[in-house]
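Pasted below: start_26.txt, compact mmCIF, C-alpha atoms.
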```
# COMPACT_ATOMS: atom_id res chain seq x y z
CA MET A 1 -22.31 -36.54 16.28
CA LYS A 2 -23.54 -33.10 15.32
CA GLY A 3 -21.06 -30.47 14.32
CA TYR A 4 -21.17 -26.82 15.29
CA HIS A 5 -22.88 -25.78 12.06
CA ASP A 6 -25.59 -28.44 12.49
CA ILE A 7 -27.02 -26.64 15.52
CA VAL A 8 -29.73 -24.10 14.73
CA GLY A 9 -29.80 -20.98 16.92
CA ASP A 10 -28.91 -21.88 20.51
CA GLY A 11 -29.96 -25.51 20.14
CA GLY A 12 -32.92 -25.08 22.46
CA SER A 13 -30.75 -24.05 25.43
CA ARG A 14 -32.34 -20.57 25.81
CA ILE A 15 -28.84 -19.10 26.10
CA LEU A 16 -29.60 -16.29 23.66
CA GLU A 17 -32.83 -15.47 25.50
CA GLN A 18 -31.07 -15.49 28.88
CA VAL A 19 -28.27 -13.24 27.59
CA ALA A 20 -30.86 -10.80 26.20
CA GLU A 21 -32.67 -10.78 29.55
CA GLN A 22 -29.40 -10.18 31.40
CA ARG A 23 -28.43 -7.38 29.02
CA ALA A 24 -31.78 -5.72 29.67
CA ARG A 25 -31.27 -5.99 33.46
CA ILE A 26 -27.81 -4.43 33.21
CA SER A 27 -29.04 -1.62 30.97
CA ASP A 28 -31.94 -0.91 33.30
CA GLY A 29 -29.72 -1.04 36.40
CA LEU A 30 -27.16 1.40 34.98
CA ALA A 31 -29.64 3.72 33.29
CA ALA A 32 -29.32 6.33 36.05
CA VAL A 33 -25.49 6.20 36.16
CA ARG A 34 -24.01 9.24 34.43
CA HIS A 35 -20.41 8.06 34.07
CA LEU A 36 -18.68 4.67 34.06
CA VAL A 37 -14.95 4.95 34.82
CA ALA A 38 -12.55 2.00 34.82
CA VAL A 39 -9.41 2.54 36.90
CA GLY A 40 -6.67 0.34 35.49
CA SER A 41 -2.95 0.23 34.95
CA GLY A 42 -1.52 -2.89 33.40
CA LYS A 43 1.13 -2.74 36.13
CA GLY A 44 0.55 -4.29 39.52
CA GLY A 45 1.69 -2.68 42.76
CA VAL A 46 1.01 0.92 41.76
CA GLY A 47 -1.67 1.52 44.42
CA LYS A 48 -4.55 1.42 41.96
CA SER A 49 -7.14 0.15 44.46
CA THR A 50 -6.23 2.62 47.20
CA LEU A 51 -6.24 5.46 44.67
CA THR A 52 -9.68 4.34 43.46
CA LEU A 53 -11.03 4.55 47.00
CA HIS A 54 -9.33 7.88 47.76
CA LEU A 55 -10.68 9.40 44.53
CA ALA A 56 -14.13 8.07 45.41
CA ASN A 57 -13.87 9.82 48.79
CA ALA A 58 -12.69 13.05 47.17
CA LEU A 59 -15.58 12.92 44.69
CA ARG A 60 -18.01 12.16 47.51
CA ALA A 61 -16.68 15.15 49.46
CA ARG A 62 -17.65 17.25 46.44
CA GLY A 63 -21.23 16.06 46.81
CA ARG A 64 -21.13 13.48 44.01
CA ARG A 65 -23.01 10.18 44.21
CA ILE A 66 -20.36 7.46 43.93
CA ALA A 67 -20.13 3.66 43.90
CA ILE A 68 -17.24 1.23 43.40
CA LEU A 69 -17.34 -2.17 41.75
CA ASP A 70 -14.25 -4.19 42.72
CA ALA A 71 -13.71 -6.06 39.46
CA ASP A 72 -10.66 -7.93 40.77
CA VAL A 73 -12.75 -10.91 41.87
CA ASN A 74 -9.70 -13.08 42.62
CA GLY A 75 -7.80 -10.43 44.56
CA PRO A 76 -10.45 -8.12 46.02
CA SER A 77 -9.24 -5.42 48.37
CA GLN A 78 -12.00 -2.81 48.39
CA ALA A 79 -14.05 -4.67 51.04
CA ARG A 80 -11.31 -4.36 53.68
CA MET A 81 -10.28 -0.83 52.75
CA ALA A 82 -13.85 0.47 52.60
CA GLY A 83 -14.84 -1.25 55.83
CA VAL A 84 -17.50 -3.53 54.29
CA GLN A 85 -15.94 -6.93 55.01
CA GLY A 86 -18.63 -9.36 56.05
CA ALA A 87 -21.35 -6.91 55.00
CA VAL A 88 -24.89 -8.30 55.09
CA PHE A 89 -26.56 -8.13 51.67
CA VAL A 90 -30.20 -7.11 51.98
CA PRO A 91 -32.99 -6.62 49.42
CA GLY A 92 -33.34 -3.18 47.90
CA ARG A 93 -36.40 -1.73 46.21
CA ARG A 94 -36.08 -4.03 43.20
CA THR A 95 -32.74 -5.85 43.45
CA VAL A 96 -29.98 -6.25 46.07
CA ALA A 97 -28.87 -3.16 47.99
CA LEU A 98 -25.19 -2.21 47.92
CA PRO A 99 -23.16 -2.16 51.15
CA ARG A 100 -22.11 1.41 51.91
CA THR A 101 -19.21 3.13 53.58
CA ARG A 102 -19.75 5.52 56.46
CA ASN A 103 -19.88 8.45 54.04
CA GLY A 104 -22.37 6.78 51.69
CA ILE A 105 -20.23 5.24 48.93
CA GLY A 106 -21.75 2.02 47.58
CA VAL A 107 -19.21 -0.81 47.31
CA PHE A 108 -19.45 -4.28 45.80
CA SER A 109 -16.43 -6.51 46.41
CA MET A 110 -16.03 -10.27 46.53
CA GLY A 111 -14.07 -9.55 49.70
CA SER A 112 -17.44 -9.00 51.39
CA LEU A 113 -18.44 -12.58 50.55
CA LEU A 114 -15.21 -14.57 50.83
CA PRO A 115 -12.80 -14.69 53.78
CA GLU A 116 -9.33 -13.45 52.89
CA SER A 117 -7.97 -16.97 53.45
CA ASP A 118 -10.22 -18.37 50.67
CA SER A 119 -9.81 -18.19 46.90
CA LEU A 120 -12.54 -17.95 44.31
CA GLU A 121 -12.83 -21.24 42.44
CA PHE A 122 -14.74 -21.92 39.25
CA GLU A 123 -15.85 -25.47 38.59
CA SER A 124 -15.31 -26.94 35.14
CA ALA A 125 -16.75 -29.93 33.31
CA ALA A 126 -13.21 -30.66 32.13
CA HIS A 127 -11.36 -31.70 35.30
CA GLY A 128 -8.19 -29.72 35.84
CA GLU A 129 -9.01 -27.24 33.09
CA SER A 130 -11.00 -24.65 35.06
CA HIS A 131 -8.30 -22.03 34.35
CA THR A 132 -9.14 -22.23 30.63
CA TRP A 133 -12.51 -20.60 31.19
CA ARG A 134 -11.56 -18.36 34.09
CA ALA A 135 -11.84 -15.06 32.19
CA THR A 136 -15.21 -16.06 30.72
CA ARG A 137 -16.48 -17.09 34.16
CA GLU A 138 -15.25 -13.83 35.69
CA PHE A 139 -17.13 -11.75 33.13
CA ALA A 140 -20.23 -13.88 33.58
CA LEU A 141 -20.01 -13.25 37.33
CA LEU A 142 -19.55 -9.51 36.87
CA SER A 143 -22.51 -9.46 34.49
CA GLU A 144 -24.61 -11.06 37.23
CA VAL A 145 -23.38 -8.47 39.73
CA LEU A 146 -24.16 -5.57 37.39
CA GLY A 147 -27.65 -6.92 36.78
CA SER A 148 -28.44 -7.98 40.34
CA PHE A 149 -27.43 -5.00 42.50
CA GLU A 150 -29.17 -1.68 42.98
CA TRP A 151 -26.77 0.93 41.59
CA GLY A 152 -29.36 3.69 41.55
CA ALA A 153 -28.72 7.28 40.52
CA LEU A 154 -24.96 7.82 40.44
CA ASP A 155 -22.67 10.50 39.11
CA VAL A 156 -19.76 8.05 38.77
CA LEU A 157 -19.45 4.26 39.02
CA LEU A 158 -15.77 3.35 39.42
CA PHE A 159 -14.52 -0.07 38.31
CA ASP A 160 -11.37 -1.17 40.17
CA LEU A 161 -9.72 -3.41 37.54
CA PRO A 162 -7.30 -6.29 38.17
CA PRO A 163 -3.63 -5.86 37.15
CA GLY A 164 -2.26 -6.99 33.80
CA ALA A 165 -2.13 -5.13 30.49
CA GLU A 166 -4.03 -7.91 28.72
CA ARG A 167 -6.72 -7.88 31.43
CA THR A 168 -7.17 -4.14 30.95
CA VAL A 169 -7.88 -4.72 27.26
CA GLN A 170 -10.26 -7.60 28.04
CA TYR A 171 -12.20 -5.39 30.43
CA ALA A 172 -12.31 -2.62 27.84
CA ASP A 173 -14.06 -5.04 25.49
CA PHE A 174 -16.37 -6.28 28.25
CA LEU A 175 -17.36 -2.85 29.57
CA GLY A 176 -18.01 -1.40 26.13
CA PRO A 177 -17.57 2.06 24.58
CA ARG A 178 -19.60 3.89 27.22
CA THR A 179 -16.80 3.34 29.76
CA ALA A 180 -13.93 5.81 30.13
CA PHE A 181 -10.49 4.74 31.39
CA LEU A 182 -8.23 6.28 33.99
CA LEU A 183 -4.78 4.68 34.17
CA VAL A 184 -2.43 4.66 37.16
CA THR A 185 1.35 4.62 37.20
CA ILE A 186 4.18 5.41 39.59
CA PRO A 187 7.25 7.52 38.71
CA SER A 188 9.40 4.61 37.56
CA GLU A 189 10.32 3.87 33.97
CA VAL A 190 9.34 0.22 34.36
CA SER A 191 5.84 1.18 35.45
CA ARG A 192 5.46 3.85 32.78
CA GLY A 193 6.56 1.36 30.14
CA VAL A 194 3.86 -1.14 31.12
CA VAL A 195 1.20 1.57 31.31
CA ALA A 196 2.32 2.88 27.91
CA ARG A 197 1.52 -0.56 26.49
CA SER A 198 -1.96 -0.33 28.00
CA VAL A 199 -2.39 3.10 26.40
CA ALA A 200 -1.36 1.74 23.01
CA ALA A 201 -3.71 -1.25 23.31
CA LEU A 202 -6.68 0.80 24.51
CA SER A 203 -6.16 3.38 21.79
CA LYS A 204 -7.03 0.74 19.19
CA ALA A 205 -10.56 0.31 20.56
CA PRO A 206 -13.44 2.80 20.83
CA ASN A 207 -12.86 3.50 24.51
CA ARG A 208 -12.21 6.92 25.99
CA LEU A 209 -8.85 7.43 27.66
CA LEU A 210 -9.33 10.22 30.17
CA GLY A 211 -5.70 10.35 31.25
CA TYR A 212 -3.44 8.99 33.95
CA VAL A 213 -2.58 9.67 37.57
CA GLU A 214 0.97 9.34 38.84
CA ASN A 215 0.66 7.71 42.24
CA MET A 216 3.38 7.66 44.93
CA SER A 217 4.94 10.72 43.33
CA GLY A 218 6.61 11.50 46.64
CA TYR A 219 6.49 10.69 50.35
CA TYR A 220 4.45 12.91 52.64
CA CYS A 221 6.41 13.53 55.84
CA ARG A 222 3.85 14.43 58.48
CA ASP A 223 6.50 15.55 60.94
CA CYS A 224 7.87 18.19 58.60
CA ASP A 225 4.67 18.68 56.52
CA ALA A 226 6.63 18.33 53.30
CA ILE A 227 6.82 16.06 50.26
CA LYS A 228 10.06 14.12 49.93
CA PRO A 229 11.19 12.13 46.88
CA LEU A 230 10.08 8.51 47.02
CA PHE A 231 12.17 7.60 43.98
CA PRO A 232 15.33 9.73 44.30
CA ALA A 233 16.83 10.74 40.98
CA VAL A 234 20.15 9.05 40.26
CA GLY A 235 20.89 10.99 37.12
CA PRO A 236 19.28 12.92 34.25
CA VAL A 237 15.94 11.75 32.86
CA SER A 238 16.53 8.98 30.36
CA PRO A 239 15.91 9.98 26.72
CA ASP A 240 14.13 6.61 26.39
CA ARG A 241 11.67 7.42 29.20
CA PRO A 242 8.29 6.06 28.05
CA GLU A 243 5.82 8.76 27.09
CA LEU A 244 2.18 8.01 27.89
CA ALA A 245 0.71 10.44 25.33
CA ILE A 246 -2.40 11.08 27.44
CA PRO A 247 -3.09 13.90 29.93
CA CYS A 248 -1.76 13.68 33.47
CA LEU A 249 -4.69 14.35 35.80
CA GLY A 250 -2.65 14.52 38.96
CA THR A 251 0.37 13.45 41.01
CA ILE A 252 -0.44 11.91 44.38
CA PRO A 253 2.17 11.62 47.17
CA PHE A 254 2.25 8.53 49.37
CA ASP A 255 0.82 9.08 52.84
CA PRO A 256 1.54 6.20 55.28
CA GLU A 257 -1.34 7.31 57.51
CA LEU A 258 -3.83 6.79 54.67
CA ALA A 259 -2.36 3.34 54.04
CA ARG A 260 -2.78 2.49 57.72
CA GLN A 261 -6.39 3.66 57.68
CA CYS A 262 -7.13 1.51 54.62
CA ASP A 263 -5.70 -1.55 56.38
CA GLN A 264 -8.09 -0.89 59.27
CA GLY A 265 -11.10 -0.27 57.03
CA LEU A 266 -11.22 3.43 57.91
CA PRO A 267 -11.08 5.18 54.54
CA LEU A 268 -11.05 8.66 56.02
CA ALA A 269 -10.22 11.69 53.94
CA PRO A 270 -6.73 13.12 54.54
CA SER A 271 -6.39 16.15 56.76
CA SER A 272 -7.93 19.19 55.16
CA GLY A 273 -5.35 21.40 53.55
CA SER A 274 -2.57 18.79 53.55
CA PRO A 275 -0.57 18.32 50.33
CA VAL A 276 -2.12 14.87 49.86
CA SER A 277 -5.63 16.24 50.37
CA ARG A 278 -5.04 18.99 47.83
CA ALA A 279 -3.53 16.55 45.32
CA LEU A 280 -6.50 14.16 45.60
CA ASP A 281 -9.00 17.00 45.37
CA ASP A 282 -7.26 18.41 42.29
CA ALA A 283 -7.19 14.97 40.63
CA ALA A 284 -10.90 14.48 41.39
CA GLN A 285 -11.72 17.83 39.79
CA GLN A 286 -9.55 17.04 36.75
CA LEU A 287 -11.39 13.72 36.42
CA LEU A 288 -14.78 15.44 36.55
CA ASP A 289 -13.68 18.06 34.02
CA ARG A 290 -12.48 15.38 31.61
CA LEU A 291 -15.68 13.37 32.04
CA GLU A 292 -17.88 16.37 31.32
CA SER A 293 -15.85 17.55 28.33
CA ASN A 294 -15.56 14.08 26.79
CA THR A 295 -19.10 12.77 27.30
CA PRO A 296 -20.60 11.91 23.93
CA ALA A 297 -24.32 12.46 23.39
CA SER A 298 -24.91 8.69 23.33
CA ALA A 299 -23.20 8.02 26.65
CA HIS A 300 -26.35 8.01 28.76
CA GLY A 301 -27.92 4.59 28.58
CA SER A 302 -27.21 3.61 24.97
CA HIS A 303 -24.49 1.11 25.79
CA GLU A 304 -23.95 -1.29 28.65
CA PRO A 305 -21.27 -3.77 29.66
CA ARG A 306 -21.51 -6.90 27.62
CA PRO A 307 -22.79 -9.94 29.49
CA GLY A 308 -20.46 -12.91 29.93
CA LYS A 309 -20.53 -15.63 27.34
CA GLU A 310 -21.85 -18.22 29.75
CA SER A 311 -25.54 -18.67 30.30
CA PRO A 312 -26.77 -17.17 33.60
CA ARG A 313 -27.37 -19.69 36.34
```
Here is a file; write its structure as structure tokens.
Amino acid sequence: MKGYHDIVGDGGSRILEQVAEQRARISDGLAAVRHLVAVGSGKGGVGKSTLTLHLANALRARGRRIAILDADVNGPSQARMAGVQGAVFVPGRRTVALPRTRNGIGVFSMGSLLPESDSLEFESAAHGESHTWRATREFALLSEVLGSFEWGALDVLLFDLPPGAERTVQYADFLGPRTAFLLVTIPSEVSRGVVARSVAALSKAPNRLLGYVENMSGYYCRDCDAIKPLFPAVGPVSPDRPELAIPCLGTIPFDPELARQCDQGLPLAPSSGSPVSRALDDAAQQLLDRLESNTPASAHGSHEPRPGKESPR
């Protein structure tokens, strides 16, 4: 039996050649994308996916060219919220065209391919051990998506990341140093503590931390047109309150009407001039300002997300 060190190169499997070809496809496909932004948290349940879509709409309203890649392949939600469930994938000029929302935002989500009652399963040669390679398979799948869809000329490509602090770090490694990170929290110390761990972990790698958005910072009462506390204070701020040590790009109140629209696949912008509309617009502008002021000279086309470790099928 041959050992690992007895195999020369890729052992005739063409894996290295296939990975190089895939890397070239990804680099070519993202060449006209100005900014890659990963929206993560580390903490689940903070409204990260809805905030991603609302920010995309706010950026689109400013005339920016926007697309979303729903990187949570096992819990995709962008397809329903963006109204592209069951979308028909058709050929583009060179690759596969992206499904688009009514206002022109390109969206890829596994929710367009799988019914909500189904789960994404990865087969494994080792029966019962498919979970061992799940992360590797996920990144291989996302590499295929990045190289197979027509992203075109974009101002911002938003990655909606899955929850979990360790997943955020894994995606930072996968997406590479060209990608900037926007983190999402809610005004609870538990949430801030988890996000603070993500900040600490991401700070160790050459990734750009743009800042964070505090979601659900209040409750928008439409009847009284006012913001009410969603997390009422029960005492003074704790001296042990976790500090995130990165800029706050905005505080977004919770609007139940926006949540209802997302459930129905009607991602409409909030009423013009409402507190929620102004908060989202301000956060979108802060995001653009941070992107422009923190864009290194090498950010346009010199790096691309790293292909998965599996050979392409």
So that I can check the surroundings of stretch 274-277 of chain A, please list as a PyMOL selection string every protein, DNA and RNA residue that reaches within 12 Å of it, counting all atoms listed in the file and ignoring chain neighbours fewer than 6 positions away. chain A and resi 51+54-55+57-59+61+215-222+224-228+250-258+268+283-284
Give me, please, the distance in Å between atom CA of A:Phe108 and atom CA of A:Ala201, quoted to one decimal.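 The value is 27.6 Å.
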A:Gly147, A:Gly63, A:Gly40, A:Pro163 ranked by distance to A:Gly75, top pick (using all atoms listed in the file):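 The shortest atom-to-atom distance to A:Gly75 comes from A:Pro163.
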With only C-alpha atoms as the atoms that count, which of A:Ser188, A:Gln170, A:Ser117, A:Thr95 lies nearest to A:Glu150?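 Looking at the shortest contact to A:Glu150, the residue is A:Thr95.
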Counting only C-alpha atoms, the residue of A:Val195, A:Leu210, A:Cys262, A:Ala205 that sits nearest A:Val46: A:Val195
At a cut-off of 8 Å from (-12.9, 4.5, 41.1) in the coordinates of the file, what residues are picked up using all atoms listed in the file, written as a list in words? Val37, Ala38, Val39, Ser49, Leu51, Thr52, Leu53, Leu55, Ala56, Ala67, Ile68, Leu157, Leu158, Phe159 and Asp160 of chain A
With distances taken over only C-alpha atoms, which residue among A:Arg192, A:Lys204, A:Arg60, A:Arg241 lies nearest A:Leu288?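 Of all the options, A:Arg60 lies closest to A:Leu288.
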Residues within 12 Å of A:Leu249, please, as number ranges by chain. Count all atoms listed in the file; anything in the same chain fewer than 6 positions from it doesn't count. A: 55, 182-185, 209-215, 279-291
Write the selection just made, keeping C-alpha atoms, as a compact mmCIF listing (two decimals), in the coordinates of the input?
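Below you can see selection_5.txt, which holds the result:
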```
# COMPACT_ATOMS: atom_id res chain seq x y z
CA LEU A 55 -10.68 9.40 44.53
CA LEU A 182 -8.23 6.28 33.99
CA LEU A 183 -4.78 4.68 34.17
CA VAL A 184 -2.43 4.66 37.16
CA THR A 185 1.35 4.62 37.20
CA LEU A 209 -8.85 7.43 27.66
CA LEU A 210 -9.33 10.22 30.17
CA GLY A 211 -5.70 10.35 31.25
CA TYR A 212 -3.44 8.99 33.95
CA VAL A 213 -2.58 9.67 37.57
CA GLU A 214 0.97 9.34 38.84
CA ASN A 215 0.66 7.71 42.24
CA ALA A 279 -3.53 16.55 45.32
CA LEU A 280 -6.50 14.16 45.60
CA ASP A 281 -9.00 17.00 45.37
CA ASP A 282 -7.26 18.41 42.29
CA ALA A 283 -7.19 14.97 40.63
CA ALA A 284 -10.90 14.48 41.39
CA GLN A 285 -11.72 17.83 39.79
CA GLN A 286 -9.55 17.04 36.75
CA LEU A 287 -11.39 13.72 36.42
CA LEU A 288 -14.78 15.44 36.55
CA ASP A 289 -13.68 18.06 34.02
CA ARG A 290 -12.48 15.38 31.61
CA LEU A 291 -15.68 13.37 32.04
```
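For the point (12.5, 4.3, 28.8) in file coordinates, the residues within 12 Å, using all atoms listed in the file, are A:Pro187, A:Ser188, A:Glu189, A:Val190, A:Ser191, A:Arg192, A:Gly193, A:Val194, A:Val195, A:Ala196, A:Val237, A:Ser238, A:Pro239, A:Asp240, A:Arg241, A:Pro242, A:Glu243, A:Leu244.
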Just how far from atom CA of A:Gly111 is atom CA of A:Pro177, in Å to one decimal?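 About the pair atom CA of A:Pro177 and atom CA of A:Gly111: they are 27.9 Å apart.
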May I ask for the distance between atom CA of A:Leu161 and atom CA of A:Asp70, given in Å to one decimal place? 6.9 Å
Considering all atoms listed in the file, state which residue in the set A:Ile246, A:Leu230, A:Leu266, A:Ile186 is at the smallest distance from A:Val84. A:Leu266
Selection: 8 Å around A:Thr101, all atoms listed in the file, excl. self and same-chain fewer than 6 positions, as an mmCIF file with C-alpha atoms, in the coordinates of the input:
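Listing of around_10.cif after writing:
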```cif
data_model
loop_
_atom_site.group_PDB
_atom_site.id
_atom_site.type_symbol
_atom_site.label_atom_id
_atom_site.label_comp_id
_atom_site.auth_asym_id
_atom_site.auth_seq_id
_atom_site.Cartn_x
_atom_site.Cartn_y
_atom_site.Cartn_z
ATOM 1 C CA ALA A 82 -13.850 0.470 52.600
ATOM 2 C CA GLY A 83 -14.840 -1.250 55.830
ATOM 3 C CA VAL A 84 -17.500 -3.530 54.290
ATOM 4 C CA VAL A 107 -19.210 -0.810 47.310
#
```
